[in-house]
Amino acid sequence: MYFIEFMEMNRNEQISLTEEFVKTNLKDYDSGHDWWHIERVRKLASFINEMEQLEDPFIVEITALLHDTADSKFAGEDKEQGYKLIDDFMEKSGMSDIKDRVTAVIKKVSFSSKNNREEPEDPLLWVIQDADRLDAIGAIGIARAFNYGGFRNNKIYNPAVVNSDENTGDVQESGTSSTISHFYEKLLLLKYRMNTLTAKKLAVDRHEFLELFLKQFYKEWDFGTGERL
Ligand code: ADP
Ligand code: NI
């Protein structure tokens, strides 16, 4: 009883320490990777984990909090330095016991490895990856994509190249390196890449919203040149 209370107090402290660590280390990132992305992934991951009963909620929360700290896309090429920072932090905060597992999952969850179709073997990775992917689709996913596109000064849309939705076979015109093309390259595929049943269910209406958005987008784009419904 006392032991459990001590453990819980200790864990709450570790969560607060991790929140502070993450806030400090995310502050130079773009707004699609800000604290609110971390908060959303944390909530989604905790919910998925609760529904699926896969992991200790503590390790899920810690991993969700830390999952983007070493992201090289915005931190330059010093991803290894990012991992080292996480390693040191976990060690000095008394989390050596979960450190190796958490860092292994963080390394695999980055968007670059989101493309591969290999089945992730660790249930902790299933949960974090699903939560991160859910935050990339739906209304929030759209907001993040256009925010990222703006950050990179990419085109909103470039109707020069034909892209197709490999899952539905829908063919739409789209240019490379526009934000609309990112929908075909990644966002529309994410629904089919969810690991857990809970995430698959949550992905349905977010995915539909992507399709609804594209439909309306093309309708407005083609204004005066014929309907595309
Ligand atoms: P993560 O949250 O896993 O770190 P990324 O760093 O790959 O994911 O992407 C962060 C956000 O930026 C996501 O919402 C993603 O859809 C968006 N994004 C990534 N690449 C592009 C791109 N080329 N065009 C538009 N949005 C992008
Ligand atoms: Ni993320």
# chains A, B, ... in the order shown; residues from 1 in each chain; ligands from 1
call {"tool": "residues_around", "arguments": {"residues": "Phe21 (chain A)", "least_positions_apart": "2", "cutoff": "10 Å", "atoms": "only C-alpha atoms", "output": "PDB file with N, CA, C and O atoms, in the first residue's frame"}}
result
ATOM      1  N   ILE A  15       6.362  12.286 -14.606  1.00  0.00           N
ATOM      2  CA  ILE A  15       5.559  12.834 -15.702  1.00  0.00           C
ATOM      3  C   ILE A  15       5.735  14.359 -15.769  1.00  0.00           C
ATOM      4  O   ILE A  15       5.949  14.913 -16.845  1.00  0.00           O
ATOM      5  N   SER A  16       5.681  15.016 -14.612  1.00  0.00           N
ATOM      6  CA  SER A  16       5.881  16.479 -14.602  1.00  0.00           C
ATOM      7  C   SER A  16       7.264  16.847 -15.121  1.00  0.00           C
ATOM      8  O   SER A  16       7.401  17.797 -15.905  1.00  0.00           O
ATOM      9  N   LEU A  17       8.270  16.114 -14.696  1.00  0.00           N
ATOM     10  CA  LEU A  17       9.636  16.377 -15.160  1.00  0.00           C
ATOM     11  C   LEU A  17       9.731  16.213 -16.681  1.00  0.00           C
ATOM     12  O   LEU A  17      10.370  17.003 -17.371  1.00  0.00           O
ATOM     13  N   THR A  18       9.061  15.171 -17.171  1.00  0.00           N
ATOM     14  CA  THR A  18       9.104  14.901 -18.617  1.00  0.00           C
ATOM     15  C   THR A  18       8.376  16.007 -19.385  1.00  0.00           C
ATOM     16  O   THR A  18       8.851  16.468 -20.430  1.00  0.00           O
ATOM     17  N   GLU A  19       7.236  16.468 -18.854  1.00  0.00           N
ATOM     18  CA  GLU A  19       6.515  17.578 -19.498  1.00  0.00           C
ATOM     19  C   GLU A  19       7.431  18.796 -19.629  1.00  0.00           C
ATOM     20  O   GLU A  19       7.503  19.419 -20.688  1.00  0.00           O
ATOM     21  N   LYS A  23       8.700  20.458 -23.122  1.00  0.00           N
ATOM     22  CA  LYS A  23       8.383  21.867 -23.433  1.00  0.00           C
ATOM     23  C   LYS A  23       9.651  22.649 -23.743  1.00  0.00           C
ATOM     24  O   LYS A  23       9.679  23.469 -24.666  1.00  0.00           O
ATOM     25  N   THR A  24      10.695  22.411 -23.007  1.00  0.00           N
ATOM     26  CA  THR A  24      11.961  23.109 -23.228  1.00  0.00           C
ATOM     27  C   THR A  24      12.560  22.730 -24.575  1.00  0.00           C
ATOM     28  O   THR A  24      13.061  23.589 -25.301  1.00  0.00           O
ATOM     29  N   ASN A  25      12.464  21.450 -24.910  1.00  0.00           N
ATOM     30  CA  ASN A  25      13.139  20.995 -26.128  1.00  0.00           C
ATOM     31  C   ASN A  25      12.319  21.118 -27.399  1.00  0.00           C
ATOM     32  O   ASN A  25      12.853  20.953 -28.491  1.00  0.00           O
ATOM     33  N   LEU A  26      11.037  21.410 -27.290  1.00  0.00           N
ATOM     34  CA  LEU A  26      10.216  21.563 -28.497  1.00  0.00           C
ATOM     35  C   LEU A  26      10.083  23.009 -28.915  1.00  0.00           C
ATOM     36  O   LEU A  26       9.531  23.292 -29.962  1.00  0.00           O
ATOM     37  N   LEU A  65       4.891  11.638 -24.682  1.00  0.00           N
ATOM     38  CA  LEU A  65       5.492  12.951 -24.382  1.00  0.00           C
ATOM     39  C   LEU A  65       6.814  13.149 -25.114  1.00  0.00           C
ATOM     40  O   LEU A  65       7.086  14.225 -25.638  1.00  0.00           O
ATOM     41  N   LEU A  66       7.617  12.107 -25.167  1.00  0.00           N
ATOM     42  CA  LEU A  66       8.977  12.242 -25.714  1.00  0.00           C
ATOM     43  C   LEU A  66       9.074  11.977 -27.218  1.00  0.00           C
ATOM     44  O   LEU A  66      10.131  12.177 -27.807  1.00  0.00           O
ATOM     45  N   THR A  69      10.806  14.630 -29.617  1.00  0.00           N
ATOM     46  CA  THR A  69      11.902  15.458 -29.098  1.00  0.00           C
ATOM     47  C   THR A  69      13.154  15.403 -29.971  1.00  0.00           C
ATOM     48  O   THR A  69      13.860  16.386 -30.104  1.00  0.00           O
ATOM     49  N   LEU A  85      20.143  13.193 -25.624  1.00  0.00           N
ATOM     50  CA  LEU A  85      19.494  14.096 -24.665  1.00  0.00           C
ATOM     51  C   LEU A  85      18.382  13.357 -23.908  1.00  0.00           C
ATOM     52  O   LEU A  85      18.252  13.463 -22.681  1.00  0.00           O
ATOM     53  N   ILE A  86      17.589  12.596 -24.644  1.00  0.00           N
ATOM     54  CA  ILE A  86      16.488  11.826 -24.053  1.00  0.00           C
ATOM     55  C   ILE A  86      17.047  10.762 -23.108  1.00  0.00           C
ATOM     56  O   ILE A  86      16.557  10.585 -21.985  1.00  0.00           O
ATOM     57  N   PHE A  89      18.326  12.358 -19.973  1.00  0.00           N
ATOM     58  CA  PHE A  89      17.196  12.829 -19.173  1.00  0.00           C
ATOM     59  C   PHE A  89      16.525  11.677 -18.435  1.00  0.00           C
ATOM     60  O   PHE A  89      16.246  11.771 -17.232  1.00  0.00           O
TER      61      PHE A  89
END
call {"tool": "residues_near_ligand", "arguments": {"ligand": "ligand 1", "cutoff": "9 Å", "atoms": "only C-alpha atoms and all ligand atoms", "output": "VMD selection string"}}
result
chain A and resid 30 32 to 33 37 to 38 41 67 to 68 71 to 74 109 to 112 114 129 132 to 133 135 to 137 140 to 150 152 154 156 177 to 183 185 to 187
call {"tool": "closest_residue", "arguments": {"among": "A:Ser46, A:Glu20, A:Val60, A:Ala70", "to": "ligand 2", "atoms": "only C-alpha atoms and all ligand atoms"}}
result
A:Ala70
call {"tool": "closest_residue", "arguments": {"among": "A:Leu210, A:Leu54, A:Val204, A:Ile128", "to": "ligand 2", "atoms": "only C-alpha atoms and all ligand atoms"}}
result
A:Ile128
call {"tool": "closest_residue", "arguments": {"among": "A:His207, A:Lys191, A:Lys107, A:Lys219", "to": "ligand 2", "atoms": "only C-alpha atoms and all ligand atoms"}}
result
A:Lys107
call {"tool": "closest_residue", "arguments": {"among": "A:Ile59, A:Ile48, A:Met90, A:Leu134", "to": "ligand 2", "atoms": "only C-alpha atoms and all ligand atoms"}}
result
A:Leu134
call {"tool": "closest_residue", "arguments": {"among": "A:Phe151, A:Trp126, A:Tyr218, A:Phe213", "to": "Ala199 (chain A)", "atoms": "only C-alpha atoms"}}
result
A:Trp126
call {"tool": "atom_distance", "arguments": {"atom1": "CA of Asp56 (chain A)", "atom2": "CA of Leu189 (chain A)"}}
result
29.2 Å
call {"tool": "atom_distance", "arguments": {"atom1": "CA of Leu125 (chain A)", "atom2": "CA of Thr196 (chain A)"}}
result
10.6 Å
call {"tool": "closest_residue", "arguments": {"among": "A:Thr198, A:Glu211, A:Glu61, A:Gln14", "to": "Glu91 (chain A)", "atoms": "only C-alpha atoms"}}
result
A:Gln14
call {"tool": "atom_distance", "arguments": {"atom1": "CA of Val102 (chain A)", "atom2": "CA of Thr63 (chain A)"}}
result
5.7 Å
